[in-house]
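These notes concern the structure reproduced below.
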Amino acid sequence: MNSYTQELKNTARAMVAEGKGILAMDESNGTCNRRFEKLGIATTVENRRAYRELILTTPNLSNYISGAILYDETIRQSTQEGVPFVKVMTDAGMIPGIKVDTGAKDLAGHPGEKVTEGLDGLRDRIAEYYEMGARFAKWRAVITIGDGIPSYGCLEANAHALARYAALCQEGGLVPIVEPEVLIDGDHTIERCYEVTEKTLHEVFRQLYVQNVAYDQMILKPSMVISGASCPVQAKVEEVATATMGCLLNTVPPAVPGIAFLSGGQSKERASAHLNAMNVMFKAQSPWRITFSYARAIQQPALEYWRGNPSNVAEAQKLLLHRAMCNSAASQGAYNTDMEKQPALV
Ligand code: 13P
């Protein structure tokens, strides 16, 4: 219990309110620039700002989006007219969130594996972000499936860091999004993905418990249990839904208010279909809201249409809103492929 307890519970529930999900737009400058470069968009501070303005000023976005995860550069930026992004969001009824990890680095002694950094000075950064208006945070751990990996050393180091981060967030008034991402890269089967995801989640919740993290004041952001991207046999939508929900029901305490998936490189249609199937097949037995916290699976069509051209903003916003709408429907088990007809663009 601390003075933030009630606020944290309320924020966590609001983040996963019925029909809503969380928009991830917290790409580091490096990741954002790589996505810009692929489309021939100049990698300038102004273009990153303009793109984030496009996203956050999308009309009616808050019908489907409860909050958005920002990056350190973005939370300090404003619209062209000078309105701080945090104010744009709160005025629209969206909760500002902030990525606080400083990235996944090679884990010493563990070739091919990563550990996420960012704990040093985190208490002070959390205080600053809370002061700026952030009410939740995110930390992403990366688990790679390969020959003989992940090792226990990697799972333990990443889970420990996630738990230390989550405890600091709750102390400072931010709801922690705990994100252990088992990467889709590789030719592994869905069964192997299940095994690794289950081990990962067991270790994450063990470490959260050891660090006194309150389960009812956090959100879990896992990857889905899915076939590796280059596995010759790709599991069907219903198989992914069954394996993912089976794994979560076996590992995640019911006190957690919500699970908001990452898209992890799935196509936008698959990301919606998988989320929808989980809600159709498991809503009755799920103790948690099952929703989305996608980046690529929401943003990509808008980014591709915009391409840095100011005259494309309004149409790009329609594409963004469309994906938010599809995923909102999927979070209620009400999505179908007819919804994929793109909105009419002028
Ligand atoms: P994707 O949905 O593109 O995987 O991104 C989610 C995210 O926040 C990754 O950390």
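Letters A, B, ... go to the chains of the structure tokens in the order shown; residues in each chain start at 1; ligands are counted from 1 in the same order.
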Please write out the residues within 10 Å of ligand 1 as a compact mmCIF listing (two decimals) with N, CA and C atoms, in the first residue's frame, counting only C-alpha atoms and all ligand atoms.
# COMPACT_ATOMS: atom_id res chain seq x y z
N ILE A 22 -4.40 -0.24 -25.92
CA ILE A 22 -3.32 0.74 -25.73
C ILE A 22 -2.53 0.85 -27.04
N LEU A 23 -2.29 2.07 -27.46
CA LEU A 23 -1.51 2.29 -28.68
C LEU A 23 -0.03 2.44 -28.31
N ALA A 24 0.81 1.57 -28.87
CA ALA A 24 2.26 1.71 -28.65
C ALA A 24 2.82 2.60 -29.74
N MET A 25 3.40 3.73 -29.32
CA MET A 25 4.06 4.64 -30.27
C MET A 25 5.35 5.15 -29.61
N ASP A 26 6.02 4.19 -28.96
CA ASP A 26 7.19 4.52 -28.15
C ASP A 26 8.48 4.06 -28.81
N GLU A 27 8.46 3.95 -30.15
CA GLU A 27 9.67 3.56 -30.84
C GLU A 27 10.80 4.53 -30.45
N SER A 28 11.96 3.97 -30.15
CA SER A 28 13.13 4.81 -29.90
C SER A 28 13.46 5.56 -31.19
N ALA A 68 -1.72 5.92 -24.76
CA ALA A 68 -0.64 5.67 -25.73
C ALA A 68 0.70 5.74 -25.03
N ILE A 69 1.60 4.85 -25.46
CA ILE A 69 2.94 4.82 -24.87
C ILE A 69 3.85 5.71 -25.69
N LEU A 70 4.44 6.71 -25.04
CA LEU A 70 5.31 7.66 -25.73
C LEU A 70 6.78 7.33 -25.46
N LYS A 99 7.71 4.90 -22.25
CA LYS A 99 8.70 3.81 -22.25
C LYS A 99 9.86 4.24 -21.37
N GLY A 103 16.62 -0.01 -23.53
CA GLY A 103 16.93 -0.90 -24.65
C GLY A 103 17.52 -2.23 -24.23
N LYS A 138 6.25 1.56 -19.52
CA LYS A 138 6.49 0.27 -20.17
C LYS A 138 7.97 -0.07 -20.14
N TRP A 139 8.23 -1.38 -20.01
CA TRP A 139 9.61 -1.92 -20.06
C TRP A 139 9.51 -3.22 -20.83
N ARG A 140 10.30 -3.34 -21.89
CA ARG A 140 10.23 -4.52 -22.75
C ARG A 140 11.47 -5.39 -22.56
N ALA A 141 11.23 -6.66 -22.22
CA ALA A 141 12.31 -7.65 -22.17
C ALA A 141 12.21 -8.50 -23.42
N VAL A 142 13.36 -8.91 -23.95
CA VAL A 142 13.38 -9.66 -25.21
C VAL A 142 13.94 -11.05 -24.97
N ILE A 177 3.53 -1.44 -17.30
CA ILE A 177 3.24 -2.46 -18.30
C ILE A 177 4.46 -3.37 -18.29
N GLU A 179 6.36 -6.20 -19.99
CA GLU A 179 6.37 -6.73 -21.36
C GLU A 179 7.51 -7.72 -21.58
N PRO A 180 7.26 -9.00 -21.40
CA PRO A 180 8.26 -9.99 -21.78
C PRO A 180 7.92 -10.48 -23.19
N GLU A 181 8.71 -10.07 -24.17
CA GLU A 181 8.43 -10.46 -25.56
C GLU A 181 9.27 -11.66 -25.96
N LEU A 183 10.39 -13.50 -28.94
CA LEU A 183 10.43 -13.07 -30.34
C LEU A 183 9.84 -14.12 -31.28
N ILE A 184 9.20 -13.61 -32.33
CA ILE A 184 8.59 -14.46 -33.36
C ILE A 184 9.67 -15.00 -34.33
N LYS A 221 1.93 -7.32 -20.84
CA LYS A 221 1.95 -7.19 -22.30
C LYS A 221 2.81 -8.31 -22.87
N PRO A 222 2.20 -9.45 -23.13
CA PRO A 222 2.98 -10.59 -23.62
C PRO A 222 2.92 -10.69 -25.15
N SER A 223 3.76 -11.55 -25.67
CA SER A 223 3.63 -11.95 -27.07
C SER A 223 2.63 -13.11 -27.12
N ALA A 260 -2.59 -7.04 -22.45
CA ALA A 260 -2.62 -6.26 -23.69
C ALA A 260 -1.45 -6.73 -24.56
N PHE A 261 -1.79 -7.46 -25.60
CA PHE A 261 -0.74 -8.11 -26.41
C PHE A 261 0.04 -7.11 -27.26
N LEU A 262 1.28 -7.47 -27.55
CA LEU A 262 2.06 -6.80 -28.59
C LEU A 262 1.80 -7.54 -29.89
N SER A 263 2.08 -6.91 -31.03
CA SER A 263 1.82 -7.60 -32.30
C SER A 263 3.07 -8.32 -32.81
N GLY A 264 4.25 -7.85 -32.49
CA GLY A 264 5.48 -8.62 -32.67
C GLY A 264 5.87 -8.97 -34.09
N GLY A 265 5.34 -8.27 -35.08
CA GLY A 265 5.70 -8.57 -36.45
C GLY A 265 4.67 -9.41 -37.19
N GLN A 266 3.54 -9.75 -36.52
CA GLN A 266 2.44 -10.41 -37.23
C GLN A 266 1.84 -9.42 -38.23
N SER A 267 1.19 -9.93 -39.26
CA SER A 267 0.48 -9.02 -40.16
C SER A 267 -0.65 -8.37 -39.38
N LYS A 268 -1.10 -7.22 -39.88
CA LYS A 268 -2.15 -6.50 -39.15
C LYS A 268 -3.43 -7.32 -39.07
N ALA A 271 -2.98 -10.16 -36.48
CA ALA A 271 -2.99 -9.63 -35.11
C ALA A 271 -4.43 -9.40 -34.64
N PHE A 292 -5.32 -5.24 -26.76
CA PHE A 292 -4.11 -5.04 -27.57
C PHE A 292 -3.29 -3.85 -27.07
N SER A 293 -1.99 -3.94 -27.31
CA SER A 293 -1.10 -2.79 -27.17
C SER A 293 -0.15 -2.84 -28.37
N TYR A 294 -0.73 -2.69 -29.55
CA TYR A 294 0.04 -2.86 -30.78
C TYR A 294 0.72 -1.57 -31.21
N ALA A 295 1.86 -1.73 -31.86
CA ALA A 295 2.51 -0.60 -32.54
C ALA A 295 2.34 -0.81 -34.04
N ARG A 296 3.16 -1.73 -34.59
CA ARG A 296 3.14 -1.91 -36.06
C ARG A 296 1.75 -2.27 -36.59
N ALA A 297 1.03 -3.17 -35.90
CA ALA A 297 -0.25 -3.64 -36.42
C ALA A 297 -1.33 -2.56 -36.39
N ILE A 298 -1.04 -1.42 -35.76
CA ILE A 298 -1.97 -0.28 -35.84
C ILE A 298 -1.41 0.83 -36.73
N GLN A 299 -0.14 1.09 -36.58
CA GLN A 299 0.44 2.28 -37.25
C GLN A 299 0.81 2.09 -38.71
N GLN A 300 1.18 0.87 -39.11
CA GLN A 300 1.89 0.69 -40.38
C GLN A 300 1.15 1.26 -41.61
DSSP on the backbone, helix (DSSP H, G or I) only: what residues of segment 84-242 of chain A does that give? Format it as a ChimeraX atom specification.
/A:85-92,122-132,152-172,190-210,215-217,237-242
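Between atom CA of Cys231 of chain A and atom CA of Ile145 of chain A the interatomic distance comes to 12.2 Å.
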List every residue of segment 151-302 of chain A that DSSP, applied to the backbone, labels as strand (DSSP E or B), and write the result as a ChimeraX atom specification.
/A:175-182,219-220,258-261,289-292
Ranking A:Ser66, A:Asn336, A:Thr251, A:Asn60 by minimum distance to Leu275 of chain A and counting only C-alpha atoms, which one comes first?
A:Asn336
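Nearest-residue note for Ala161 of chain A: choosing from A:Ala12, A:Ala104, A:Ile41, A:Leu174, the minimum distance belongs to A:Ala104, counting only C-alpha atoms.
Ranking A:Leu155, A:Ile98, A:Ala302, A:Val256 by their shortest atom-to-atom distance to Ile75 of chain A, with only C-alpha atoms included, puts A:Ile98 first.
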Which residues come within 12 Å of Arg123 of chain A, counting only C-alpha atoms, excluding same-chain residues fewer than 3 positions away, as a PyMOL selection string?
chain A and resi 100+118-120+126-130+164-174
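If you measure from each of A:Asn2, A:Thr58, A:Thr11, A:Ser311 to Gln217 of chain A using only C-alpha atoms, the closest one turns out to be A:Thr11.
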